[in-house]
Amino acid sequence: MVSGVSIIEAQVSAAANGWRLDRALADAVPTLSRERLKALISSGAVSDRTGALLRDPARKAVAGDVLSVAVPDPTPAHNEAQDIPLVVAFEDEHLIVIDKPAGLVVHPAAGNLDGTLVNALLHHCGGSLSGIGGVARPGIVHRIDKDTSGLMVAAKTDRAHVGLAKQFADHSIDRRYKAIVSGRLTTKSGTVDAPLARSPQNRKKIAIVQTGKRAVTHWSQLAQLSDATFVECRLETGRTHQVRVHMASIGHPLLGDPVYGRTKQVHRKDLETLNFRRQALHAAVLGFIHPITREALSFESEMPADMQELFDTLAR
């Protein structure tokens with residue numbers, strides 16, 4: 001690492017042979033988006049093992065090539081450290097596991113420029129967060145939706161970030177969600193294996209699209225409720241809105257989901273009485289291998305009060 005820059009070594013996989021360079025690098029370095037890598041390539045931040053700069057994002061990648069990506073450190077002035085209370089499940093000098101409340105946005109974006117988890121982490125960690133995520137998302141390895149509660153991990157160092165991202169990319173992270181879905185499931189368990197991408201009809205929504213990224217959700221019944229079912233969803237992959245779209249696709253959308261569900265008349269009064277206005281989804285279990293110490297870590301989070309109250313109401 002040189003001052004102000006983090007160097008990431010990436011090897012082009014056999015599967016990526018012949019792909020565009022930006023696509024092959026996005027496959028090898030899942031912590032960086034393809035668009036960001038395209039910009040880094042064009043700016044001369046990518047070199048081969050001889051030191052030659054590769055400035056054409058469209059050039060063909062060659063399997064086995066080892067490339068260096070120089071990633072500028074984030075500019076801290078773009079994000080303000082804010083004293084927002086956090087529930088910390090685990091923390092050391094490398095990473096931090098947060099139990100996020102519903103309603104907290106993970107990182108700044110249009111419409112939510114502050115008051116986010118990133119702002120809270122900058123304050124809590126004293127600015128010590130991985131720079132790989134870029135200016136807007138220091139430390140962020142993965143995310144959960146604003147109105148989903150539960151466990152997520154953030155990286156304090158680039159080495160931890162890369163190690164965690166590799167586990168997310170190879171689907172070895174144990175992520176289990178608790179959800180309350182509409183209707184009664186007729187089987188004890190099942191799997192939804194359906195690719196996801198931005199909806200061609202509505203770019204603000206995710207949909208099952210055959211050309212999308214593979215997405216797999218394994219679900220199992222935990223309890224039968226009043227015209228609803230309490231389920232556990234284990235993610236084999238981790239795509240945006242995966243549980244919400246997959247459960248809706250089999251006719252059992254999450255209760256309270258304003259995007260992918262439609263509230264049944266039988267549930268409307270209960271949701272209004274409880275003022276429950278979010279998808280009934282909670283990231284309850286998070287397990288991974290510590291990227292530095294190699295210790296196996298696993299964390300569990302109890303359902304938050306609002307979702308527990310909804311469960312109790314529907315269990316009567």
# chains A, B, ... in the order shown; residues from 1 in each chain; ligands from 1
call {"tool": "residues_around", "arguments": {"residues": "Asp22 in chain A", "least_positions_apart": "5", "cutoff": "9 Å", "atoms": "only C-alpha atoms", "output": "MDAnalysis selection string"}}
result
chainID A and resid 27 34:38 41 56:59 61
call {"tool": "residues_around", "arguments": {"residues": "Ile250 in chain A", "least_positions_apart": "3", "cutoff": "12 Å", "atoms": "only C-alpha atoms", "output": "list in words"}}
result
Val181, Ser182, Gly183, Arg184, Leu185, Thr186, Gly190, Thr191, Val192, Asp193, Ala194, Ile208, Thr217, Trp219, Val243, Arg244, Val245, His246, Met247, Pro253, Leu254, Tyr260 and Gly261 of chain A
call {"tool": "residues_around", "arguments": {"residues": "range 169-177 of chain A", "least_positions_apart": "5", "cutoff": "7 Å", "atoms": "only C-alpha atoms", "output": "list in words"}}
result
Pro30, Glu232, Cys233, Arg234, Leu235, Glu236, Thr237, Leu281, His282, Ala283, Ala284, Val285, Leu286, Gly287 and Phe288 of chain A
call {"tool": "residues_around", "arguments": {"residues": "range 262-270 of chain A", "least_positions_apart": "5", "cutoff": "8 Å", "atoms": "only C-alpha atoms", "output": "MDAnalysis selection string"}}
result
chainID A and resid 182 227 253 255:257 310 313
call {"tool": "residues_around", "arguments": {"residues": "range 124-128 of chain A", "least_positions_apart": "6", "cutoff": "10 Å", "atoms": "only C-alpha atoms", "output": "list in words"}}
result
Pro76, Asn79, Glu80, Ala81, Gln82, Asp83, Ile84, Pro85, Leu86, Glu91, Glu93, His94, Leu95, Ile96, Val118, Pro138, Gly139, Ala155, Lys156 and Thr157 of chain A
call {"tool": "residues_around", "arguments": {"residues": "Thr50 in chain A", "least_positions_apart": "6", "cutoff": "12 Å", "atoms": "only C-alpha atoms", "output": "mmCIF file with C-alpha atoms, in the first residue's frame"}}
result
data_model
loop_
_atom_site.group_PDB
_atom_site.id
_atom_site.type_symbol
_atom_site.label_atom_id
_atom_site.label_comp_id
_atom_site.auth_asym_id
_atom_site.auth_seq_id
_atom_site.Cartn_x
_atom_site.Cartn_y
_atom_site.Cartn_z
ATOM 1 C CA ASP A 65 -3.307 -12.972 -15.580
ATOM 2 C CA VAL A 66 -2.470 -11.241 -12.300
ATOM 3 C CA LEU A 67 -3.462 -7.585 -12.301
ATOM 4 C CA SER A 68 -2.926 -4.768 -9.806
#
call {"tool": "residues_around", "arguments": {"residues": "Leu53 in chain A", "least_positions_apart": "3", "cutoff": "6 Å", "atoms": "only C-alpha atoms", "output": "PyMOL selection string"}}
result
chain A and resi 44+46-47
call {"tool": "write_last_selection", "arguments": {"atoms": "N, CA and C atoms", "output": "PDB file, in the first residue's frame"}}
result
ATOM      1  N   GLY A  44      -5.958   4.739 -15.649  1.00  0.00           N
ATOM      2  CA  GLY A  44      -4.595   4.223 -15.535  1.00  0.00           C
ATOM      3  C   GLY A  44      -4.274   3.613 -14.189  1.00  0.00           C
ATOM      4  N   VAL A  46      -4.961   0.449 -13.340  1.00  0.00           N
ATOM      5  CA  VAL A  46      -4.828  -1.005 -13.443  1.00  0.00           C
ATOM      6  C   VAL A  46      -3.599  -1.337 -14.273  1.00  0.00           C
ATOM      7  N   SER A  47      -2.786  -2.270 -13.756  1.00  0.00           N
ATOM      8  CA  SER A  47      -1.573  -2.657 -14.463  1.00  0.00           C
ATOM      9  C   SER A  47      -1.397  -4.167 -14.434  1.00  0.00           C
TER      10      SER A  47
END
call {"tool": "closest_residue", "arguments": {"among": "A:Gln279, A:Ser149, A:Gln201, A:Ser42", "to": "Pro101 in chain A", "atoms": "only C-alpha atoms"}}
result
A:Ser149
call {"tool": "select_by_dssp", "arguments": {"residues": "range 45-291 of chain A", "states": "strand (DSSP E)", "output": "PyMOL selection string"}}
result
chain A and resi 46-47+66-72+88-91+95-100+149-155+174-182+189-193+196-198+206-208+216-225+228-235+281-289
call {"tool": "closest_residue", "arguments": {"among": "A:Asn119, A:Gln242, A:Ser249, A:Ser130", "to": "Ser6 in chain A", "atoms": "only C-alpha atoms"}}
result
A:Ser130
call {"tool": "select_by_dssp", "arguments": {"residues": "range 58-289 of chain A", "states": "alpha helix (DSSP H)", "output": "VMD selection string"}}
result
chain A and resid 117 to 124 158 to 169 242 to 249 265 to 274
call {"tool": "write_last_selection", "arguments": {"atoms": "N, CA, C and O atoms", "output": "short mmCIF file (atom, residue, chain, number, x, y, z; two decimals), in the first residue's frame"}}
result
data_model
loop_
_atom_site.label_atom_id
_atom_site.label_comp_id
_atom_site.auth_asym_id
_atom_site.auth_seq_id
_atom_site.Cartn_x
_atom_site.Cartn_y
_atom_site.Cartn_z
N LEU A 117 -26.00 4.50 8.42
CA LEU A 117 -25.11 3.64 9.18
C LEU A 117 -23.66 4.05 8.97
O LEU A 117 -22.86 4.01 9.91
N VAL A 118 -23.30 4.45 7.75
CA VAL A 118 -21.93 4.90 7.50
C VAL A 118 -21.59 6.10 8.37
O VAL A 118 -20.51 6.16 8.97
N ASN A 119 -22.49 7.07 8.48
CA ASN A 119 -22.24 8.22 9.35
C ASN A 119 -22.03 7.79 10.80
O ASN A 119 -21.16 8.30 11.50
N ALA A 120 -22.85 6.81 11.23
CA ALA A 120 -22.73 6.31 12.60
C ALA A 120 -21.42 5.57 12.80
O ALA A 120 -20.75 5.72 13.83
N LEU A 121 -21.01 4.76 11.80
CA LEU A 121 -19.76 4.01 11.91
C LEU A 121 -18.55 4.93 11.92
O LEU A 121 -17.57 4.69 12.64
N LEU A 122 -18.58 6.00 11.12
CA LEU A 122 -17.48 6.95 11.11
C LEU A 122 -17.27 7.56 12.49
O LEU A 122 -16.14 7.78 12.93
N HIS A 123 -18.37 7.83 13.19
CA HIS A 123 -18.27 8.38 14.55
C HIS A 123 -17.79 7.30 15.51
O HIS A 123 -16.86 7.50 16.29
N HIS A 124 -18.41 6.14 15.46
CA HIS A 124 -18.10 5.06 16.40
C HIS A 124 -16.66 4.58 16.24
O HIS A 124 -15.97 4.31 17.23
N ASP A 158 -8.75 -2.70 4.93
CA ASP A 158 -8.89 -3.22 3.56
C ASP A 158 -8.67 -4.73 3.53
O ASP A 158 -9.35 -5.44 2.78
N ARG A 159 -7.75 -5.23 4.32
CA ARG A 159 -7.49 -6.67 4.34
C ARG A 159 -8.72 -7.43 4.82
O ARG A 159 -9.10 -8.46 4.24
N ALA A 160 -9.38 -6.92 5.85
CA ALA A 160 -10.60 -7.56 6.33
C ALA A 160 -11.70 -7.46 5.28
O ALA A 160 -12.48 -8.40 5.08
N HIS A 161 -11.78 -6.32 4.61
CA HIS A 161 -12.80 -6.10 3.59
C HIS A 161 -12.67 -7.13 2.47
O HIS A 161 -13.66 -7.76 2.06
N VAL A 162 -11.45 -7.30 1.97
CA VAL A 162 -11.21 -8.24 0.88
C VAL A 162 -11.55 -9.67 1.33
O VAL A 162 -12.18 -10.44 0.59
N GLY A 163 -11.14 -10.04 2.55
CA GLY A 163 -11.41 -11.38 3.06
C GLY A 163 -12.88 -11.66 3.23
O GLY A 163 -13.37 -12.76 2.91
N LEU A 164 -13.63 -10.68 3.73
CA LEU A 164 -15.07 -10.85 3.90
C LEU A 164 -15.77 -10.89 2.54
O LEU A 164 -16.66 -11.72 2.31
N ALA A 165 -15.35 -10.01 1.63
CA ALA A 165 -15.98 -9.97 0.31
C ALA A 165 -15.80 -11.29 -0.42
O ALA A 165 -16.70 -11.74 -1.15
N LYS A 166 -14.66 -11.93 -0.24
CA LYS A 166 -14.42 -13.22 -0.88
C LYS A 166 -15.41 -14.26 -0.36
O LYS A 166 -15.94 -15.08 -1.13
N GLN A 167 -15.69 -14.22 0.94
CA GLN A 167 -16.65 -15.18 1.50
C GLN A 167 -18.07 -14.90 1.00
O GLN A 167 -18.83 -15.84 0.72
N PHE A 168 -18.43 -13.64 0.86
CA PHE A 168 -19.74 -13.32 0.28
C PHE A 168 -19.80 -13.79 -1.17
O PHE A 168 -20.81 -14.33 -1.61
N ALA A 169 -18.70 -13.62 -1.91
CA ALA A 169 -18.68 -13.99 -3.32
C ALA A 169 -18.77 -15.49 -3.51
O ALA A 169 -19.40 -15.97 -4.47
N GLN A 242 -33.62 -10.05 -2.39
CA GLN A 242 -33.77 -11.46 -2.76
C GLN A 242 -34.92 -12.17 -2.05
O GLN A 242 -35.78 -12.79 -2.70
N VAL A 243 -34.96 -12.10 -0.72
CA VAL A 243 -36.03 -12.79 0.01
C VAL A 243 -37.39 -12.23 -0.38
O VAL A 243 -38.35 -12.98 -0.60
N ARG A 244 -37.49 -10.93 -0.49
CA ARG A 244 -38.76 -10.28 -0.79
C ARG A 244 -39.30 -10.72 -2.15
O ARG A 244 -40.48 -11.05 -2.29
N VAL A 245 -38.44 -10.72 -3.16
CA VAL A 245 -38.88 -11.09 -4.51
C VAL A 245 -39.15 -12.59 -4.61
O VAL A 245 -40.16 -13.02 -5.19
N HIS A 246 -38.28 -13.40 -4.04
CA HIS A 246 -38.45 -14.84 -4.14
C HIS A 246 -39.71 -15.32 -3.43
O HIS A 246 -40.46 -16.16 -3.97
N MET A 247 -39.98 -14.82 -2.24
CA MET A 247 -41.18 -15.27 -1.53
C MET A 247 -42.44 -14.78 -2.24
O MET A 247 -43.44 -15.50 -2.33
N ALA A 248 -42.38 -13.57 -2.78
CA ALA A 248 -43.53 -13.07 -3.54
C ALA A 248 -43.75 -13.91 -4.80
O ALA A 248 -44.90 -14.13 -5.21
N SER A 249 -42.67 -14.41 -5.37
CA SER A 249 -42.79 -15.17 -6.62
C SER A 249 -43.50 -16.51 -6.44
O SER A 249 -44.03 -17.07 -7.40
N GLN A 265 -57.04 -8.23 3.14
CA GLN A 265 -58.02 -7.61 4.02
C GLN A 265 -57.92 -8.15 5.44
O GLN A 265 -58.04 -7.40 6.41
N VAL A 266 -57.65 -9.45 5.57
CA VAL A 266 -57.61 -10.08 6.88
C VAL A 266 -56.48 -9.55 7.75
O VAL A 266 -56.55 -9.60 8.98
N HIS A 267 -55.43 -9.00 7.11
CA HIS A 267 -54.28 -8.49 7.88
C HIS A 267 -54.29 -6.96 8.02
O HIS A 267 -53.51 -6.42 8.81
N ARG A 268 -55.13 -6.30 7.25
CA ARG A 268 -55.06 -4.84 7.18
C ARG A 268 -55.27 -4.18 8.55
O ARG A 268 -54.52 -3.28 8.95
N LYS A 269 -56.27 -4.65 9.28
CA LYS A 269 -56.58 -4.04 10.57
C LYS A 269 -55.42 -4.23 11.56
O LYS A 269 -55.05 -3.30 12.29
N ASP A 270 -54.85 -5.44 11.59
CA ASP A 270 -53.75 -5.70 12.51
C ASP A 270 -52.54 -4.82 12.20
O ASP A 270 -51.92 -4.25 13.11
N LEU A 271 -52.20 -4.69 10.93
CA LEU A 271 -51.05 -3.87 10.56
C LEU A 271 -51.29 -2.40 10.91
O LEU A 271 -50.38 -1.69 11.36
N GLU A 272 -52.53 -1.94 10.70
CA GLU A 272 -52.86 -0.55 11.04
C GLU A 272 -52.83 -0.33 12.55
O GLU A 272 -52.27 0.66 13.04
N THR A 273 -53.40 -1.26 13.30
CA THR A 273 -53.43 -1.13 14.76
C THR A 273 -52.03 -1.11 15.35
O THR A 273 -51.73 -0.34 16.26
N LEU A 274 -51.16 -1.96 14.80
CA LEU A 274 -49.79 -2.04 15.29
C LEU A 274 -48.89 -0.97 14.68
O LEU A 274 -47.72 -0.84 15.07
#
call {"tool": "closest_residue", "arguments": {"among": "A:Ile132, A:Leu54, A:Ala28, A:Ile140", "to": "Val71 in chain A", "atoms": "only C-alpha atoms"}}
result
A:Ile132
call {"tool": "decode", "arguments": {"residues": "range 231-277 of chain A", "atoms": "C-alpha atoms", "output": "PDB file, in the first residue's frame"}}
result
ATOM      1  CA  VAL A 231     -40.421 -18.739   8.055  1.00  0.00           C
ATOM      2  CA  GLU A 232     -36.658 -18.874   8.084  1.00  0.00           C
ATOM      3  CA  CYS A 233     -34.954 -18.007   4.798  1.00  0.00           C
ATOM      4  CA  ARG A 234     -31.348 -19.101   4.311  1.00  0.00           C
ATOM      5  CA  LEU A 235     -29.536 -17.237   1.568  1.00  0.00           C
ATOM      6  CA  GLU A 236     -27.291 -19.256  -0.699  1.00  0.00           C
ATOM      7  CA  THR A 237     -26.691 -16.048  -2.668  1.00  0.00           C
ATOM      8  CA  GLY A 238     -27.230 -12.476  -1.564  1.00  0.00           C
ATOM      9  CA  ARG A 239     -28.958 -10.350  -4.171  1.00  0.00           C
ATOM     10  CA  THR A 240     -30.817  -7.076  -3.678  1.00  0.00           C
ATOM     11  CA  HIS A 241     -34.350  -7.726  -2.329  1.00  0.00           C
ATOM     12  CA  GLN A 242     -33.768 -11.464  -2.763  1.00  0.00           C
ATOM     13  CA  VAL A 243     -36.026 -12.785   0.014  1.00  0.00           C
ATOM     14  CA  ARG A 244     -38.765 -10.285  -0.790  1.00  0.00           C
ATOM     15  CA  VAL A 245     -38.883 -11.090  -4.513  1.00  0.00           C
ATOM     16  CA  HIS A 246     -38.446 -14.839  -4.137  1.00  0.00           C
ATOM     17  CA  MET A 247     -41.178 -15.275  -1.532  1.00  0.00           C
ATOM     18  CA  ALA A 248     -43.534 -13.067  -3.535  1.00  0.00           C
ATOM     19  CA  SER A 249     -42.787 -15.174  -6.624  1.00  0.00           C
ATOM     20  CA  ILE A 250     -44.235 -18.284  -4.953  1.00  0.00           C
ATOM     21  CA  GLY A 251     -47.360 -16.428  -3.862  1.00  0.00           C
ATOM     22  CA  HIS A 252     -46.271 -15.587  -0.311  1.00  0.00           C
ATOM     23  CA  PRO A 253     -45.032 -11.983  -0.151  1.00  0.00           C
ATOM     24  CA  LEU A 254     -43.752 -10.591   3.125  1.00  0.00           C
ATOM     25  CA  LEU A 255     -46.361  -8.947   5.303  1.00  0.00           C
ATOM     26  CA  GLY A 256     -46.084  -5.179   5.203  1.00  0.00           C
ATOM     27  CA  ASP A 257     -43.924  -5.136   2.061  1.00  0.00           C
ATOM     28  CA  PRO A 258     -44.899  -1.907   0.254  1.00  0.00           C
ATOM     29  CA  VAL A 259     -43.164  -2.870  -3.007  1.00  0.00           C
ATOM     30  CA  TYR A 260     -43.646  -6.587  -3.621  1.00  0.00           C
ATOM     31  CA  GLY A 261     -46.738  -7.362  -1.574  1.00  0.00           C
ATOM     32  CA  ARG A 262     -50.382  -6.411  -1.365  1.00  0.00           C
ATOM     33  CA  THR A 263     -51.941  -6.471   2.095  1.00  0.00           C
ATOM     34  CA  LYS A 264     -54.829  -8.897   2.442  1.00  0.00           C
ATOM     35  CA  GLN A 265     -58.023  -7.605   4.018  1.00  0.00           C
ATOM     36  CA  VAL A 266     -57.611 -10.082   6.876  1.00  0.00           C
ATOM     37  CA  HIS A 267     -54.281  -8.490   7.876  1.00  0.00           C
ATOM     38  CA  ARG A 268     -55.060  -4.839   7.184  1.00  0.00           C
ATOM     39  CA  LYS A 269     -56.577  -4.036  10.573  1.00  0.00           C
ATOM     40  CA  ASP A 270     -53.750  -5.699  12.514  1.00  0.00           C
ATOM     41  CA  LEU A 271     -51.053  -3.866  10.558  1.00  0.00           C
ATOM     42  CA  GLU A 272     -52.859  -0.550  11.039  1.00  0.00           C
ATOM     43  CA  THR A 273     -53.435  -1.132  14.756  1.00  0.00           C
ATOM     44  CA  LEU A 274     -49.785  -2.041  15.292  1.00  0.00           C
ATOM     45  CA  ASN A 275     -48.635   0.761  12.963  1.00  0.00           C
ATOM     46  CA  PHE A 276     -46.461  -1.847  11.227  1.00  0.00           C
ATOM     47  CA  ARG A 277     -45.306  -0.194   8.010  1.00  0.00           C
TER      48      ARG A 277
END
